[in-house]
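Trainee: Take a look at this one; I'll ask things after.
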Amino acid sequence: MIRIGLRDAKAHFHRLVMSIIAIALGVSFVVGSFCFRSMLNDQVTQLMGTNSDHDVYVRGATEEQNDSPFATSGPISSGTSYNKIDTSLVTQIEQVKGIDNVSPPERTIGATLLDHDGNAVVTTGAPTLMISASSEHPWRAANFIAGTYATGEHEIALSQDAAKKAGLQVGDTTRLIVNGAPHTMKVSGIFTTQTAELGVLIILTQPALVNQLMQLQGEDTSKVDKIGVYGNRTTPLTVQKQHQLADRINKALPKDSKAHAVTGQSVRDEATKSTQESLGFVQPLILIFAVIALFVGAFIIANTFTMIVRDSMRGYALLRSVGASPAQVFFSVVIQALILGVIGSVLGVLLGWGLIELIDWGLSKGGFPLSGSPTPSPTAVAVGFIVGVVVTVIGSAIPARTAATAPPIQTMNETMNPEKPVTARGWIGAGMVAFGALCWLLCCLLAAKKVSWAWLTTVGTGWLLGLGGVCTAGGVIVLAPALVTGAAKVLGWLPSLAFPVTGTLATRNIGRTKRRTANTAAALFVGVAIVSCLSVLASSMRASVSDMIDDNLHADYVLVSAALSQSVSPKAVNDVKHTAGVGATTAVRTLPTVKLMQANEQFTAMAVDRELLNAMYPATHQEGDAAQAIEHGEIAVGRKVADSNGYAIGSTVEMESKNIGIDEAATKQAIAAYEQQVGEQVSARRTGRYVA
């Protein structure tokens, strides 16, 4: 029976080509998803090993949740943070035996590098990262290929990628925009790191410049997230020696320091795990396409083997008549499916590998290089291979069962195997479609708040929408054979007139094999439905965003930073405000650390001027006067936030913010200036020179 199955597979190989292609596409997405996830994991592991390369870190002893989306601890940072610690601990840590260098690994993203033509060097979303490093406090991951560290406040060292994009070499002079102010800088060196930095432009500079930039951004430089410790500037310590050094540092730390020393390996492991979990959505997203491709492929395989079985039915009948059991006939068909699955899976593995290589090449060309390995792992190959073979066997199971269970005498008859009635199947499919339509109707009524049934409110519109889609799509597939006859008559009328013989034969052939015709159409239906769904979704989102901007945002110009990951500096905002011809202006500042206490849902806090609500982004419907509330130091909330939390005009809410540093000297100076201004106005009133 194995020999018979191999012979039949060879005889019908031309019919199996489309099935092989379908399986190859599905397997390629499966393998590609595993490869891409593995490549990202490798990239993150290497990246953390480069950007957190100290042997020991001294950090806060109390764990906190970092809710800010603008964390600046590196190109990729963990979602967990600890209480800040005082920089004065550096002096005490340096006294511990076995330490080569101690420094707070300060870094920030508030700078823009200009190229040799004076244009801003931008990336595809990755920030420009400034890191505090010098020959006294080196960064072990940096390998200089030309020059050395910056030796003064007017020198910088650039990563190779940053120097290439800016067209700069050692000795060249360029400008660095810090908080809106240009600084003339000389390139002192160019370096590489052990791994690709995901498009991040890295600038090494003296600690003084980084501290200045952090202070301009309102950060308290007297406290840091962590302090890095090198046991050896050139050679990493083993994990055992890291533990020994961390223990010695913990013994030397003051009890009231609220600090704790941990190994560098543990910090890297935590950051790697957190980042890999945050990137975990990539694999399921690709697997969705794999499921779609394999689902459509199963229909194609079923149709292919249905045609093969019907053409070879007399041969199977002959085998049954000479003593072959139903299981042996079934196995002879499954052998063909196994061959098909193996060929398709092998091609799918190679295709998936090739797709990841192509993606890697495209990302590198787009300024987002990856250094992780795109080579599929044995697990990825095994999973893709098994999935391809299993789906193929499942797709061929029903045709194989038909071949194995047909009576030999009936099979050798000219009128063999009349197609089973599809009436019952039609009623089942119609019921599924009706139930799906009912779910959609209830979803619309619930969204429009025209029904208030408690159980519907608990279920929510999302579940009803999904259930309605599944039932409707599945019902159409089940119902399709019952619609074939009517559809063939309607759609075949014009071809029968144009081509009386061939058109009539084609129409009758479609009606004679209802199930096979419906299965073929179902594969096309699924593919077209998915493409249409995604197209409608994209079009709706684009139209909604366009309408929202066009109808509400009345500003003539919107100013953004040349580096999209950075904010516009206060100096630039002030310069624009005093430019001739400029009318109303407003700065929009996101406050990521501000929280609304006991809020029922997430929200975004922003600090704005009243001009935003008066002239540029007026509210279409409002209660009270939002602009006046902001002017009086009150807050205005969106309708959704108000309804969710039961707020009304006059309600008192409690808000809090973390990581707020107050410059006491600047605050006293501002208060003194304000008091002087008030005094001058009072004096002017008394002398009659004041004009309101």
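Residues are referred to by chain and number: the chain letter is A, B, ... according to the order shown in the structure tokens, the number counts from 1 in that chain, and ligands are numbered separately from 1 in the order shown.
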Hey, what does DSSP flag as strand (DSSP E or B) within range 602-657 of chain A? Can you give it to me as a count of residues only?
Mentor: 5
Trainee: Please provide as a short mmCIF file (atom, residue, chain, number, x, y, z; two decimals) with C-alpha atoms, in the first residue's frame all residues within 10 Å of Arg175 in chain A, with the sequence filter that same-chain residues fewer than 5 positions apart are discarded (counting only C-alpha atoms).
Mentor:
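Output contents, as saved in out04.cif:
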```cif
data_model
loop_
_atom_site.label_atom_id
_atom_site.label_comp_id
_atom_site.auth_asym_id
_atom_site.auth_seq_id
_atom_site.Cartn_x
_atom_site.Cartn_y
_atom_site.Cartn_z
CA THR A 112 20.12 66.79 18.49
CA LEU A 113 23.26 66.22 16.41
CA LEU A 114 23.79 68.30 13.26
CA ASP A 115 25.64 66.91 10.25
CA HIS A 116 28.41 68.61 8.27
CA GLY A 118 24.04 71.86 9.46
CA ASN A 119 21.01 69.60 9.12
CA ALA A 120 19.62 67.58 12.02
CA HIS A 154 33.39 71.23 23.76
CA ALA A 181 20.73 76.18 22.17
CA PRO A 182 23.51 75.29 19.67
CA HIS A 183 26.89 74.21 21.02
CA THR A 184 29.96 74.01 18.80
CA MET A 185 31.64 70.65 19.30
CA LYS A 186 34.76 68.95 18.00
#
```
Trainee: Would you compute the distance between CA of Ile343 in chain A and CA of Ile20 in chain A? Give it in Å to one decimal.
Mentor: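 For CA of Ile343 in chain A relative to CA of Ile20 in chain A, the distance reads 6.9 Å.
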Trainee: Check the smallest atom-to-atom distance from each of A:Leu6, A:Cys444, A:Met18, A:Val478 to Thr304 in chain A using only C-alpha atoms, then report the winner.
Mentor: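 For Thr304 in chain A, the nearest of the given residues is A:Met18.
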Trainee: Which of these, A:Ile202, A:Val501, A:Gly60, A:Ala522, has the shortest distance to Ala111 in chain A once you count only C-alpha atoms?
Mentor: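 Residue with the minimum atom-to-atom distance to Ala111 in chain A: A:Ile202.
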Trainee: Check range 285-421 of chain A with DSSP on the backbone and list each residue it calls helix (DSSP H, G or I), as a ChimeraX atom specification.
Mentor: /A:285-311,313-321,326-365,378-405,408-411
Trainee: Kindly indicate which residue among A:Ser135, A:Asn303, A:Pro374, A:Ser332 lies nearest to Arg37 in chain A, using only C-alpha atoms for the distances.
Mentor: A:Pro374
Trainee: Which polymer residues have any atom within 10 Å of an atom of Ala162 in chain A, counting only C-alpha atoms, with same-chain residues fewer than 6 positions away left out, as a list in words?
Mentor: Leu113, Asp115, Val121, Val122, Thr123, Thr128, Leu168, Ile190, Phe191, Gly199, Val200, Leu201, Ile202 and Ile203 of chain A
Trainee: Put those residues in a file: C-alpha atoms, as a PDB file, in the first residue's frame.
Mentor:
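Listing of out-v1.pdb after writing:
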```
ATOM      1  CA  LEU A 113      23.258  66.218  16.413  1.00  0.00           C
ATOM      2  CA  ASP A 115      25.638  66.909  10.251  1.00  0.00           C
ATOM      3  CA  VAL A 121      20.556  63.886  11.986  1.00  0.00           C
ATOM      4  CA  VAL A 122      17.288  62.021  12.433  1.00  0.00           C
ATOM      5  CA  THR A 123      16.465  58.346  12.775  1.00  0.00           C
ATOM      6  CA  THR A 128      19.980  60.322  20.107  1.00  0.00           C
ATOM      7  CA  LEU A 168      31.797  63.485  10.347  1.00  0.00           C
ATOM      8  CA  ILE A 190      34.669  57.403  16.744  1.00  0.00           C
ATOM      9  CA  PHE A 191      33.825  54.087  18.391  1.00  0.00           C
ATOM     10  CA  GLY A 199      19.343  52.741  15.197  1.00  0.00           C
ATOM     11  CA  VAL A 200      20.223  54.727  18.346  1.00  0.00           C
ATOM     12  CA  LEU A 201      22.786  57.488  17.771  1.00  0.00           C
ATOM     13  CA  ILE A 202      25.244  57.470  20.687  1.00  0.00           C
ATOM     14  CA  ILE A 203      27.284  60.487  21.778  1.00  0.00           C
TER      15      ILE A 203
END
```
Trainee: For Val568 in chain A, which residue among A:Phe435, A:Ile177, A:Ala146, A:Ala480 is the nearest when counting only C-alpha atoms?
Mentor: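 Among the listed residues, A:Ile177 lies closest to Val568 in chain A.
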Trainee: Env of Ala290 in chain A: 9 Å cut, atoms = only C-alpha atoms, seq-sep filter 6 positions within chain, self excluded. Answer as a CSV table (one decimal) with N, CA and C atoms, in the first residue's frame.
Mentor:
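Result file is selection28.csv:
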```csv
chain,number,residue,atom,x,y,z
A,25,LEU,N,3.6,28.5,2.3
A,25,LEU,CA,3.3,29.8,2.8
A,25,LEU,C,3.0,29.8,4.3
A,26,GLY,N,2.1,28.9,4.7
A,26,GLY,CA,1.8,28.8,6.1
A,26,GLY,C,2.9,28.4,7.0
A,27,VAL,N,3.7,27.4,6.6
A,27,VAL,CA,4.9,27.0,7.4
A,27,VAL,C,5.9,28.2,7.4
A,28,SER,N,6.1,28.9,6.3
A,28,SER,CA,7.0,30.0,6.3
A,28,SER,C,6.7,31.1,7.4
A,29,PHE,N,5.4,31.4,7.5
A,29,PHE,CA,5.0,32.3,8.6
A,29,PHE,C,5.3,31.8,10.0
A,30,VAL,N,5.0,30.5,10.1
A,30,VAL,CA,5.3,29.9,11.5
A,30,VAL,C,6.8,29.9,11.8
A,33,SER,N,8.0,33.5,12.3
A,33,SER,CA,7.6,34.1,13.6
A,33,SER,C,8.6,33.7,14.7
```
